[in-house]
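Q: So here's query25.cif, just mmCIF, C-alpha atoms (C1' of nucleotides):
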```cif
data_data
#
loop_
_atom_site.label_atom_id
_atom_site.label_comp_id
_atom_site.auth_asym_id
_atom_site.auth_seq_id
_atom_site.Cartn_x
_atom_site.Cartn_y
_atom_site.Cartn_z
CA MET Q 1153 -13.21 4.17 -52.49
CA PHE Q 1154 -12.34 4.38 -56.19
CA LEU Q 1155 -15.30 5.78 -58.11
CA GLY Q 1156 -16.06 7.07 -61.55
CA SER Q 1157 -14.37 7.11 -64.91
CA THR Q 1158 -11.79 9.60 -66.10
CA THR Q 1159 -9.79 9.78 -69.29
CA ASN Q 1160 -6.39 11.44 -69.13
CA THR Q 1161 -3.64 11.90 -71.67
CA ILE Q 1162 -0.32 10.11 -71.75
CA ASP Q 1163 2.53 12.39 -72.76
CA ALA Q 1164 5.74 11.63 -74.65
CA LYS Q 1165 7.48 10.57 -71.48
CA GLY Q 1166 4.75 8.08 -70.64
CA ARG Q 1167 3.34 10.24 -67.88
CA VAL Q 1168 -0.33 10.31 -66.87
CA SER Q 1169 -2.15 12.23 -64.22
CA VAL Q 1170 -3.72 9.96 -61.66
CA PRO Q 1171 -7.28 11.31 -61.24
CA ALA Q 1172 -7.33 13.54 -58.18
CA PRO Q 1173 -10.19 11.64 -56.50
CA PHE Q 1174 -8.11 8.46 -56.78
CA ARG Q 1175 -5.16 10.14 -55.14
CA ASP Q 1176 -7.25 10.95 -52.13
CA VAL Q 1177 -7.97 7.26 -51.62
CA VAL Q 1178 -4.44 5.94 -51.27
CA SER Q 1179 -2.25 6.46 -48.23
CA ASP Q 1180 1.26 6.68 -49.61
CA GLU Q 1181 1.97 8.79 -52.66
CA ALA Q 1182 1.81 5.83 -55.02
CA ILE Q 1183 -0.55 3.37 -56.63
CA TYR Q 1184 0.06 -0.28 -57.47
CA VAL Q 1185 -0.62 -1.45 -61.00
CA TRP Q 1186 -0.38 -4.74 -62.87
CA PRO Q 1187 -1.42 -6.16 -66.23
CA SER Q 1188 -4.69 -8.01 -65.87
CA VAL Q 1189 -4.63 -11.74 -66.56
CA HIS Q 1190 -8.27 -11.42 -67.67
CA GLY Q 1191 -7.72 -9.19 -70.68
CA GLY Q 1192 -5.96 -6.29 -72.31
CA PHE Q 1193 -6.23 -3.77 -69.53
CA LEU Q 1194 -4.48 -2.85 -66.30
CA GLU Q 1195 -5.64 -3.37 -62.76
CA GLY Q 1196 -4.58 -1.39 -59.77
CA GLY Q 1197 -5.22 -0.19 -56.29
CA GLY Q 1198 -3.60 1.20 -53.19
CA LYS Q 1199 -1.14 -0.36 -50.86
CA ALA Q 1200 -4.01 -1.72 -48.79
CA LEU Q 1201 -5.32 -3.71 -51.74
CA MET Q 1202 -1.95 -5.27 -52.46
CA GLU Q 1203 -1.62 -6.36 -48.88
CA ALA Q 1204 -5.15 -7.70 -48.83
CA LEU Q 1205 -4.51 -9.74 -51.96
CA GLN Q 1206 -1.37 -11.24 -50.50
CA ARG Q 1207 -3.17 -12.07 -47.30
CA GLU Q 1208 -6.02 -13.70 -49.19
CA ILE Q 1209 -3.61 -15.94 -51.09
CA PHE Q 1210 -1.97 -16.92 -47.84
CA ASP Q 1211 -5.24 -17.55 -46.04
CA ARG Q 1212 -6.71 -19.62 -48.85
CA VAL Q 1213 -3.68 -21.89 -48.81
CA ALA Q 1214 -3.97 -22.23 -45.05
CA GLU Q 1215 -7.63 -23.18 -45.25
CA GLY Q 1216 -6.96 -25.51 -48.15
CA SER Q 1217 -9.07 -23.85 -50.86
CA LEU Q 1218 -5.95 -23.04 -52.85
CA SER Q 1219 -3.09 -25.40 -53.61
CA PRO Q 1220 0.44 -24.25 -52.90
CA GLU Q 1221 1.18 -24.54 -56.62
CA ALA Q 1222 -1.77 -22.35 -57.60
CA ALA Q 1223 -0.79 -19.89 -54.91
CA GLU Q 1224 2.69 -19.64 -56.30
CA ALA Q 1225 1.36 -19.08 -59.79
CA GLN Q 1226 -0.98 -16.45 -58.44
CA GLN Q 1227 1.87 -14.66 -56.71
CA MET Q 1228 4.04 -14.82 -59.78
CA ALA Q 1229 1.30 -13.41 -62.01
CA LEU Q 1230 0.21 -10.74 -59.58
CA LEU Q 1231 3.27 -9.61 -57.65
CA GLY Q 1232 5.75 -10.49 -60.36
CA GLY Q 1233 3.86 -8.34 -62.82
CA ALA Q 1234 2.89 -5.54 -60.50
CA ARG Q 1235 4.70 -2.32 -59.94
CA ARG Q 1236 4.54 0.43 -57.41
CA LEU Q 1237 4.04 3.65 -59.33
CA PRO Q 1238 4.73 6.73 -57.24
CA TYR Q 1239 3.23 9.98 -58.46
CA ASP Q 1240 4.83 13.38 -58.17
CA LYS Q 1241 3.66 16.57 -56.52
CA THR Q 1242 1.36 17.32 -59.43
CA GLY Q 1243 -0.19 13.86 -59.23
CA ARG Q 1244 1.47 12.35 -62.25
CA MET Q 1245 3.00 8.89 -62.60
CA VAL Q 1246 4.88 7.09 -65.36
CA LEU Q 1247 3.20 4.14 -67.02
CA PRO Q 1248 5.92 1.66 -68.02
CA GLU Q 1249 6.00 0.80 -71.69
CA GLU Q 1250 5.19 -2.87 -71.05
CA PHE Q 1251 2.00 -1.78 -69.32
CA ARG Q 1252 1.05 0.57 -72.13
CA ASN Q 1253 1.59 -2.27 -74.57
CA HIS Q 1254 -0.48 -4.74 -72.59
CA ALA Q 1255 -3.43 -2.37 -72.50
CA ASP Q 1256 -2.79 -1.11 -76.02
CA LEU Q 1257 -2.68 2.45 -74.76
CA GLY Q 1258 -2.02 5.30 -77.15
CA ILE Q 1259 -2.27 8.90 -76.04
CA ASN Q 1260 -5.18 8.35 -73.69
CA ALA Q 1261 -5.93 6.18 -70.68
CA THR Q 1262 -9.28 5.72 -68.99
CA PHE Q 1263 -9.28 5.18 -65.23
CA VAL Q 1264 -12.30 3.27 -63.99
CA GLY Q 1265 -13.07 3.19 -60.29
CA LEU Q 1266 -14.40 -0.12 -58.97
CA GLY Q 1267 -14.54 0.28 -55.23
CA ASN Q 1268 -11.47 -1.17 -53.59
CA ARG Q 1269 -9.60 -1.27 -56.89
CA PHE Q 1270 -9.60 0.32 -60.33
CA GLU Q 1271 -8.82 -0.47 -63.94
CA ILE Q 1272 -7.00 1.37 -66.69
CA TRP Q 1273 -8.31 0.98 -70.23
CA GLU Q 1274 -7.72 2.19 -73.71
CA PRO Q 1275 -10.73 4.52 -74.09
CA GLY Q 1276 -12.21 2.71 -77.11
CA ALA Q 1277 -11.87 -0.70 -75.52
CA HIS Q 1278 -13.50 0.63 -72.40
CA GLU Q 1279 -16.46 1.89 -74.41
CA ASP Q 1280 -17.04 -1.59 -75.81
CA ARG Q 1281 -16.71 -3.17 -72.45
CA MET Q 1282 -19.13 -0.69 -70.86
CA ARG Q 1283 -21.71 -1.50 -73.49
CA ALA Q 1284 -21.37 -5.16 -72.63
CA ALA Q 1285 -21.58 -4.42 -68.93
CA ARG Q 1286 -24.80 -2.46 -69.39
CA GLU Q 1287 -26.35 -5.35 -71.28
CA VAL Q 1288 -25.58 -7.68 -68.40
CA SER Q 1289 -26.73 -5.29 -65.69
CA LYS Q 1290 -30.11 -4.67 -67.37
CA THR Q 1291 -31.24 -7.98 -66.00
CA THR Q 1292 -30.25 -7.19 -62.45
CA ARG Q 1293 -32.03 -4.63 -60.30
CA LEU Q 1294 -30.26 -3.30 -57.27
CA LEU Q 1295 -31.88 -1.69 -54.28
CA GLY Q 1296 -32.49 1.90 -55.20
CA ALA Q 1297 -32.60 1.32 -58.92
CA PRO Q 1298 -35.68 2.86 -60.57
CA ARG Q 1299 -38.64 0.44 -60.72
CA PHE Q 1300 -40.60 2.38 -63.26
CA GLY Q 1301 -40.28 5.30 -65.57
CA GLY Q 1302 -37.26 6.48 -67.41
CA SER Q 1303 -35.42 4.51 -69.97
CA ALA Q 1304 -33.02 3.35 -67.28
CA VAL Q 1305 -29.54 3.58 -68.74
CA MET A 1005 7.86 -5.29 -50.61
CA PHE A 1006 9.57 -6.84 -53.63
CA LEU A 1007 7.54 -6.12 -56.76
CA GLY A 1008 7.84 -6.40 -60.50
CA SER A 1009 10.24 -7.94 -62.94
CA THR A 1010 13.54 -6.42 -64.06
CA THR A 1011 16.19 -7.82 -66.36
CA ASN A 1012 19.79 -6.77 -65.84
CA THR A 1013 23.03 -7.80 -67.48
CA ILE A 1014 25.76 -9.96 -65.96
CA ASP A 1015 29.24 -8.78 -66.90
CA ALA A 1016 32.45 -10.76 -67.39
CA LYS A 1017 33.17 -10.71 -63.67
CA GLY A 1018 29.78 -12.13 -62.83
CA ARG A 1019 28.49 -8.81 -61.54
CA VAL A 1020 24.83 -7.77 -61.71
CA SER A 1021 23.03 -4.66 -60.57
CA VAL A 1022 20.43 -5.40 -57.94
CA PRO A 1023 17.32 -3.48 -59.07
CA ALA A 1024 17.21 -0.19 -57.21
CA PRO A 1025 13.67 -0.75 -55.85
CA PHE A 1026 14.87 -4.03 -54.34
CA ARG A 1027 17.75 -2.29 -52.65
CA ASP A 1028 15.34 0.01 -50.91
CA VAL A 1029 13.60 -2.98 -49.35
CA VAL A 1030 16.53 -4.57 -47.56
CA SER A 1031 18.13 -3.10 -44.46
CA ASP A 1032 21.80 -3.98 -44.72
CA GLU A 1033 23.71 -3.52 -47.96
CA ALA A 1034 23.29 -7.15 -48.98
CA ILE A 1035 20.77 -9.70 -50.16
CA TYR A 1036 20.56 -13.40 -49.36
CA VAL A 1037 20.36 -15.86 -52.23
CA TRP A 1038 20.13 -19.62 -52.61
CA PRO A 1039 19.43 -22.13 -55.40
CA SER A 1040 15.78 -23.09 -55.39
CA VAL A 1041 14.95 -26.68 -54.57
CA HIS A 1042 11.88 -26.32 -56.81
CA GLY A 1043 13.66 -25.73 -60.08
CA GLY A 1044 16.39 -24.06 -62.07
CA PHE A 1045 16.22 -20.60 -60.59
CA LEU A 1046 17.43 -18.73 -57.55
CA GLU A 1047 15.50 -17.53 -54.57
CA GLY A 1048 16.39 -14.67 -52.32
CA GLY A 1049 15.36 -12.01 -49.90
CA GLY A 1050 16.60 -9.66 -47.25
CA LYS A 1051 17.97 -10.36 -43.86
CA ALA A 1052 14.47 -10.21 -42.42
CA LEU A 1053 13.33 -13.07 -44.64
CA MET A 1054 16.21 -15.31 -43.63
CA GLU A 1055 15.45 -14.73 -39.99
CA ALA A 1056 11.76 -15.35 -40.53
CA LEU A 1057 12.46 -18.64 -42.28
CA GLN A 1058 14.71 -19.83 -39.48
CA ARG A 1059 12.15 -18.84 -36.92
CA GLU A 1060 9.44 -20.68 -38.81
CA ILE A 1061 11.46 -23.90 -38.87
CA PHE A 1062 12.17 -23.56 -35.17
CA ASP A 1063 8.55 -22.83 -34.29
CA ARG A 1064 7.16 -25.67 -36.34
CA VAL A 1065 9.47 -28.12 -34.63
CA ALA A 1066 8.41 -26.75 -31.28
CA GLU A 1067 4.71 -27.15 -32.08
CA GLY A 1068 5.33 -30.57 -33.57
CA SER A 1069 4.25 -29.96 -37.15
CA LEU A 1070 7.78 -30.56 -38.36
CA SER A 1071 10.06 -33.40 -37.33
CA PRO A 1072 13.58 -32.60 -36.20
CA GLU A 1073 14.86 -34.59 -39.19
CA ALA A 1074 12.79 -32.63 -41.65
CA ALA A 1075 13.86 -29.42 -39.98
CA GLU A 1076 17.47 -30.37 -40.37
CA ALA A 1077 16.94 -31.15 -44.03
CA GLN A 1078 15.25 -27.80 -44.50
CA GLN A 1079 18.07 -25.98 -42.84
CA MET A 1080 20.63 -27.88 -44.84
CA ALA A 1081 18.93 -27.14 -48.15
CA LEU A 1082 18.19 -23.55 -47.33
CA LEU A 1083 20.90 -22.22 -45.11
CA GLY A 1084 23.53 -24.60 -46.41
CA GLY A 1085 23.08 -23.41 -49.95
CA ALA A 1086 22.42 -19.78 -49.21
CA ARG A 1087 24.90 -16.98 -49.39
CA ARG A 1088 24.95 -13.42 -48.26
CA LEU A 1089 25.72 -11.30 -51.30
CA PRO A 1090 26.75 -7.76 -50.43
CA TYR A 1091 26.41 -5.13 -53.12
CA ASP A 1092 28.73 -2.19 -53.64
CA LYS A 1093 28.09 1.52 -53.65
CA THR A 1094 26.67 1.37 -57.16
CA GLY A 1095 24.28 -1.41 -56.18
CA ARG A 1096 26.09 -4.28 -57.84
CA MET A 1097 26.75 -7.77 -56.45
CA VAL A 1098 28.64 -10.81 -57.68
CA LEU A 1099 26.61 -13.89 -58.55
CA PRO A 1100 28.74 -16.97 -57.73
CA GLU A 1101 29.34 -19.28 -60.64
CA GLU A 1102 27.52 -22.19 -58.98
CA PHE A 1103 24.42 -19.99 -58.76
CA ARG A 1104 24.69 -18.91 -62.36
CA ASN A 1105 24.98 -22.56 -63.35
CA HIS A 1106 22.00 -23.62 -61.29
CA ALA A 1107 19.80 -21.02 -62.94
CA ASP A 1108 21.44 -21.44 -66.34
CA LEU A 1109 22.20 -17.74 -66.49
CA GLY A 1110 23.98 -16.25 -69.47
CA ILE A 1111 24.45 -12.53 -69.89
CA ASN A 1112 21.08 -11.60 -68.41
CA ALA A 1113 19.25 -12.20 -65.17
CA THR A 1114 15.62 -11.41 -64.44
CA PHE A 1115 14.73 -10.37 -60.91
CA VAL A 1116 11.13 -11.13 -59.98
CA GLY A 1117 9.62 -9.52 -56.91
CA LEU A 1118 7.19 -11.74 -54.98
CA GLY A 1119 6.32 -9.76 -51.88
CA ASN A 1120 8.58 -10.72 -49.01
CA ARG A 1121 11.01 -12.53 -51.30
CA PHE A 1122 12.19 -12.60 -54.91
CA GLU A 1123 13.48 -14.97 -57.55
CA ILE A 1124 16.22 -14.74 -60.16
CA TRP A 1125 15.59 -16.36 -63.54
CA GLU A 1126 17.12 -16.77 -66.92
CA PRO A 1127 14.97 -14.33 -68.94
CA GLY A 1128 13.64 -16.92 -71.38
CA ALA A 1129 12.77 -19.38 -68.64
CA HIS A 1130 11.03 -16.64 -66.72
CA GLU A 1131 8.90 -15.71 -69.69
CA ASP A 1132 7.66 -19.28 -69.97
CA ARG A 1133 7.06 -19.47 -66.26
CA MET A 1134 5.17 -16.19 -66.25
CA ARG A 1135 2.98 -17.22 -69.13
CA ALA A 1136 2.05 -20.44 -67.35
CA ALA A 1137 1.42 -18.61 -64.09
CA ARG A 1138 -0.95 -16.16 -65.77
CA GLU A 1139 -2.88 -19.05 -67.28
CA VAL A 1140 -3.29 -20.70 -63.90
CA SER A 1141 -4.21 -17.52 -62.09
CA LYS A 1142 -7.08 -16.84 -64.49
CA THR A 1143 -9.04 -19.44 -62.60
CA THR A 1144 -8.30 -18.02 -59.17
CA ARG A 1145 -10.42 -15.00 -58.44
CA LEU A 1146 -9.26 -12.82 -55.62
CA LEU A 1147 -11.09 -9.99 -53.90
CA GLY A 1148 -13.59 -9.16 -56.56
CA ALA A 1149 -11.36 -9.64 -59.56
CA PRO A 1150 -13.11 -8.89 -62.86
CA ARG A 1151 -15.65 -11.48 -64.01
CA PHE A 1152 -15.68 -10.44 -67.60
CA GLY A 1153 -12.84 -8.98 -69.51
CA GLY A 1154 -12.83 -6.65 -72.47
CA SER A 1155 -12.96 -7.29 -76.13
CA ALA A 1156 -9.23 -7.63 -76.36
CA VAL A 1157 -7.98 -10.74 -74.61
"C1'" DT R 75 53.89 -12.93 -56.66
"C1'" DA R 76 50.10 -14.13 -59.41
"C1'" DG R 77 45.31 -14.42 -59.31
"C1'" DA R 78 41.05 -13.39 -57.72
"C1'" DA R 79 37.96 -10.62 -55.22
"C1'" DG R 80 36.46 -6.38 -53.69
"C1'" DA R 81 36.28 -1.28 -53.60
"C1'" DC R 82 36.23 2.89 -56.23
"C1'" DC R 83 35.76 6.13 -60.36
"C1'" DA R 84 33.64 7.43 -64.98
"C1'" DT R 85 29.85 7.86 -68.27
"C1'" DG R 86 25.71 7.91 -70.92
"C1'" DA R 87 21.02 7.15 -70.64
"C1'" DT R 88 17.03 7.30 -68.25
"C1'" DT R 89 14.13 8.84 -64.77
"C1'" DT R 90 12.51 11.95 -61.39
"C1'" DC R 91 11.72 16.37 -59.68
"C1'" DC R 92 10.31 21.10 -60.04
"C1'" DC R 93 8.39 25.28 -62.17
"C1'" DA R 94 5.09 27.30 -65.50
"C1'" DT R 95 0.63 27.58 -67.91
"C1'" DG R 96 -4.10 27.31 -69.18
"C1'" DA R 97 -8.45 25.48 -68.25
"C1'" DT R 98 -11.97 24.10 -65.28
"C1'" DA R 99 -14.29 23.85 -61.11
"C1'" DT R 100 -15.30 25.82 -56.55
"C1'" DC R 101 -16.21 29.27 -53.35
"C1'" DC R 102 -17.88 33.56 -51.57
"C1'" DC R 103 -20.21 37.72 -51.26
"C1'" DA R 104 -23.14 41.22 -52.94
"C1'" DT I 888 -28.72 34.09 -57.90
"C1'" DG I 889 -25.20 35.89 -60.57
"C1'" DG I 890 -20.53 36.89 -61.29
"C1'" DG I 891 -15.99 37.58 -60.05
"C1'" DA I 892 -12.07 35.82 -57.28
"C1'" DT I 893 -9.67 31.79 -55.81
"C1'" DA I 894 -8.26 27.10 -55.72
"C1'" DT I 895 -7.65 22.82 -57.96
"C1'" DC I 896 -6.45 20.12 -61.76
"C1'" DA I 897 -4.27 18.33 -65.91
"C1'" DT I 898 -0.47 18.99 -68.87
"C1'" DG I 899 4.06 20.90 -71.15
"C1'" DG I 900 8.88 21.54 -70.70
"C1'" DG I 901 13.54 21.82 -68.66
"C1'" DA I 902 16.96 20.92 -64.92
"C1'" DA I 903 18.80 17.82 -61.70
"C1'" DA I 904 19.42 13.37 -59.71
"C1'" DT I 905 19.50 8.35 -60.21
"C1'" DC I 906 20.54 4.10 -62.43
"C1'" DA I 907 22.86 0.48 -64.86
"C1'" DT I 908 27.13 -0.63 -66.65
"C1'" DG I 909 32.15 -0.48 -68.20
"C1'" DG I 910 36.55 0.15 -66.48
"C1'" DT I 911 40.64 0.83 -63.21
"C1'" DC I 912 42.92 0.32 -58.91
"C1'" DT I 913 43.75 -1.70 -54.47
"C1'" DT I 914 43.81 -5.54 -51.27
"C1'" DC I 915 43.73 -10.04 -49.66
"C1'" DT I 916 45.04 -14.77 -50.20
"C1'" DA I 917 47.16 -18.86 -51.77
#
```
Show me this structure written as structure tokens.
A:
Amino acid sequence: MFLGSTTNTIDAKGRVSVPAPFRDVVSDEAIYVWPSVHGGFLEGGGKALMEALQREIFDRVAEGSLSPEAAEAQQMALLGGARRLPYDKTGRMVLPEEFRNHADLGINATFVGLGNRFEIWEPGAHEDRMRAAREVSKTTRLLGAPRFGGSAV
Amino acid sequence: MFLGSTTNTIDAKGRVSVPAPFRDVVSDEAIYVWPSVHGGFLEGGGKALMEALQREIFDRVAEGSLSPEAAEAQQMALLGGARRLPYDKTGRMVLPEEFRNHADLGINATFVGLGNRFEIWEPGAHEDRMRAAREVSKTTRLLGAPRFGGSAV
DNA sequence: TAGAAGACCATGATTTCCCATGATATCCCA
DNA sequence: TGGGATATCATGGGAAATCATGGTCTTCTA
């Protein structure tokens, strides 16, 4: 499971270290990354996630909740934009320039674990987004969240 | 699995480099390509895909979800128009002129990986197609895709 | 025998791999 | 519990391999 946030540096060659905890999650020595259609950041996961996404598209067409046209668009946007990024022995991968541009990445990239997948953000943009996320989550209490005391957050 | 988009140049002889990652996917030293019946682009895959498509036609006739006439039409459109394109030691194949015409290809061709298959587009046309696909896929949320994006959209 | 198609060689640019280094975190034992 | 030894991690740099592409040569065919 992808957990936590880590900010690593991108060197002149476009290389970034994949956070070690993330590396332990995936099976093959690679992660799969694509530009998000929801904003200026990257989404990614392991091989298992890619396969699950494909299967879901297929299943939803079969059950009729997704039109063949929408499925094709989905495949084009997801698979057509995605890339398998293998990392070397030291755990480093190359972020293609197009990806760095999409996420407006400079010399730093923030990896954010989100369970079965993760996101890659420009650190400043991630800060803003986290602030927004905290605002939203204030109104929702999960099991195990403190009921009293503390400033919570 | 075919993934990502790559644009390569077509030389005077009609030769194009098959993207190296694509070459790793197929078993024999060739890919199978045919003009799409859905628009001005080419579709293709490996030997495994061709066999799977044939099998699917056969099976669907057997189970009755496809009439023998429709099956014949499918085979005609698919197998009749398809060609096996072997690539040389350097990974380059020749795109027949009829194919280049169908996809309106000039000096560049964009290979788009879509899982078990791929497409070949004129770069400009592909850009338009990709933009449209990303628009459509915004509305289709798969496996816990992000509900709220960042500041930069 | 001409023309086209296919196989083979050459080259520069890019990418990938490997080693080295410093910093941080982890472990272990007194 | 402290403090030193060890392992892990992120990052820099250089060497080697790969890739896309231009060109030449051979072979088949009409």
Q: Hey, list the chain I side of the contact with chain A: 9 Å cut-off, only C-alpha atoms (C1' of nucleotides), answer as number ranges by chain.
A: I: 906-909
Q: Could you work out how far atom CA of Ala1137 of chain A lies from atom CA of Val1189 of chain Q, giving the answer in Å with one decimal?
A: 9.5 Å
Q: What do you get, as a tab-separated table (two decimals) with C-alpha atoms, in the coordinates of the input, if you spell out every residue that the PyMOL selection byres ((chain Q) within 10 of (chain R)) selects here?
A:
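Resulting contents of expr27.tsv:
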```
chain	number	residue	atom	x	y	z
Q	1165	LYS	CA	7.48	10.57	-71.48
Q	1239	TYR	CA	3.23	9.98	-58.46
Q	1240	ASP	CA	4.83	13.38	-58.17
Q	1241	LYS	CA	3.66	16.57	-56.52
Q	1242	THR	CA	1.36	17.32	-59.43
Q	1246	VAL	CA	4.88	7.09	-65.36
```
Q: How would you write as a PyMOL selection string the residues that get within 12 Å of (31.7, -19.7, -53.8) in the file's frame, counting all atoms listed in the file?
A: (chain A and resi 1018+1038+1085-1089+1098-1104) or (chain R and resi 78-79)
Q: For C-alpha atoms (C1' of nucleotides), I'd like the residues from the last selection saved as a PDB file, keeping the file's coordinate frame.
A:
```pdb
ATOM      1  CA  GLY A1018      29.780 -12.130 -62.830  1.00  0.00           C
ATOM      2  CA  TRP A1038      20.130 -19.620 -52.610  1.00  0.00           C
ATOM      3  CA  GLY A1085      23.080 -23.410 -49.950  1.00  0.00           C
ATOM      4  CA  ALA A1086      22.420 -19.780 -49.210  1.00  0.00           C
ATOM      5  CA  ARG A1087      24.900 -16.980 -49.390  1.00  0.00           C
ATOM      6  CA  ARG A1088      24.950 -13.420 -48.260  1.00  0.00           C
ATOM      7  CA  LEU A1089      25.720 -11.300 -51.300  1.00  0.00           C
ATOM      8  CA  VAL A1098      28.640 -10.810 -57.680  1.00  0.00           C
ATOM      9  CA  LEU A1099      26.610 -13.890 -58.550  1.00  0.00           C
ATOM     10  CA  PRO A1100      28.740 -16.970 -57.730  1.00  0.00           C
ATOM     11  CA  GLU A1101      29.340 -19.280 -60.640  1.00  0.00           C
ATOM     12  CA  GLU A1102      27.520 -22.190 -58.980  1.00  0.00           C
ATOM     13  CA  PHE A1103      24.420 -19.990 -58.760  1.00  0.00           C
ATOM     14  CA  ARG A1104      24.690 -18.910 -62.360  1.00  0.00           C
TER      15      ARG A1104
ATOM     16  C1'  DA R  78      41.050 -13.390 -57.720  1.00  0.00           C
ATOM     17  C1'  DA R  79      37.960 -10.620 -55.220  1.00  0.00           C
TER      18       DA R  79
END
```
Q: Applied to this file, what does the PyMOL selection byres ((chain Q and resi 1257) around 9) return in terms of residues, put as a list in words?
A: Ile1162, Phe1193, Phe1251, Arg1252, Asn1253, His1254, Ala1255, Asp1256, Gly1258, Ile1259, Asn1260, Ala1261, Trp1273, Glu1274 and Pro1275 of chain Q
Q: Restricting it to C-alpha atoms, dump the selection as a compact mmCIF listing (two decimals), in the coordinates of the input.
A:
```txt
# COMPACT_ATOMS: atom_id res chain seq x y z
CA ILE Q 1162 -0.32 10.11 -71.75
CA PHE Q 1193 -6.23 -3.77 -69.53
CA PHE Q 1251 2.00 -1.78 -69.32
CA ARG Q 1252 1.05 0.57 -72.13
CA ASN Q 1253 1.59 -2.27 -74.57
CA HIS Q 1254 -0.48 -4.74 -72.59
CA ALA Q 1255 -3.43 -2.37 -72.50
CA ASP Q 1256 -2.79 -1.11 -76.02
CA GLY Q 1258 -2.02 5.30 -77.15
CA ILE Q 1259 -2.27 8.90 -76.04
CA ASN Q 1260 -5.18 8.35 -73.69
CA ALA Q 1261 -5.93 6.18 -70.68
CA TRP Q 1273 -8.31 0.98 -70.23
CA GLU Q 1274 -7.72 2.19 -73.71
CA PRO Q 1275 -10.73 4.52 -74.09
```
Q: Could you please fill out segment 1209-1224 of chain Q with N, CA and C atoms and send it back as a compact mmCIF listing (two decimals), in the frame of the given file?
A:
```txt
# COMPACT_ATOMS: atom_id res chain seq x y z
N ILE Q 1209 -4.32 -14.78 -50.54
CA ILE Q 1209 -3.61 -15.94 -51.09
C ILE Q 1209 -3.13 -16.82 -49.94
N PHE Q 1210 -2.51 -16.20 -48.99
CA PHE Q 1210 -1.97 -16.92 -47.84
C PHE Q 1210 -3.06 -17.66 -47.09
N ASP Q 1211 -4.14 -16.95 -46.81
CA ASP Q 1211 -5.24 -17.55 -46.04
C ASP Q 1211 -5.88 -18.72 -46.78
N ARG Q 1212 -6.03 -18.56 -48.09
CA ARG Q 1212 -6.71 -19.62 -48.85
C ARG Q 1212 -5.86 -20.87 -48.94
N VAL Q 1213 -4.54 -20.71 -48.87
CA VAL Q 1213 -3.68 -21.89 -48.81
C VAL Q 1213 -3.84 -22.54 -47.45
N ALA Q 1214 -3.86 -21.72 -46.42
CA ALA Q 1214 -3.97 -22.23 -45.05
C ALA Q 1214 -5.26 -23.01 -44.87
N GLU Q 1215 -6.35 -22.50 -45.42
CA GLU Q 1215 -7.63 -23.18 -45.25
C GLU Q 1215 -7.85 -24.28 -46.28
N GLY Q 1216 -6.92 -24.40 -47.22
CA GLY Q 1216 -6.96 -25.51 -48.15
C GLY Q 1216 -7.75 -25.29 -49.42
N SER Q 1217 -8.29 -24.08 -49.65
CA SER Q 1217 -9.07 -23.85 -50.86
C SER Q 1217 -8.18 -23.44 -52.03
N LEU Q 1218 -6.88 -23.38 -51.78
CA LEU Q 1218 -5.95 -23.04 -52.85
C LEU Q 1218 -4.68 -23.88 -52.66
N SER Q 1219 -4.28 -24.56 -53.72
CA SER Q 1219 -3.09 -25.40 -53.61
C SER Q 1219 -1.85 -24.53 -53.57
N PRO Q 1220 -0.80 -25.01 -52.95
CA PRO Q 1220 0.44 -24.25 -52.90
C PRO Q 1220 0.95 -23.88 -54.30
N GLU Q 1221 0.72 -24.80 -55.26
CA GLU Q 1221 1.18 -24.54 -56.62
C GLU Q 1221 0.39 -23.38 -57.23
N ALA Q 1222 -0.93 -23.42 -57.06
CA ALA Q 1222 -1.77 -22.35 -57.60
C ALA Q 1222 -1.44 -21.03 -56.93
N ALA Q 1223 -1.14 -21.11 -55.64
CA ALA Q 1223 -0.79 -19.89 -54.91
C ALA Q 1223 0.49 -19.28 -55.46
N GLU Q 1224 1.43 -20.14 -55.76
CA GLU Q 1224 2.69 -19.64 -56.30
C GLU Q 1224 2.49 -18.99 -57.66
```
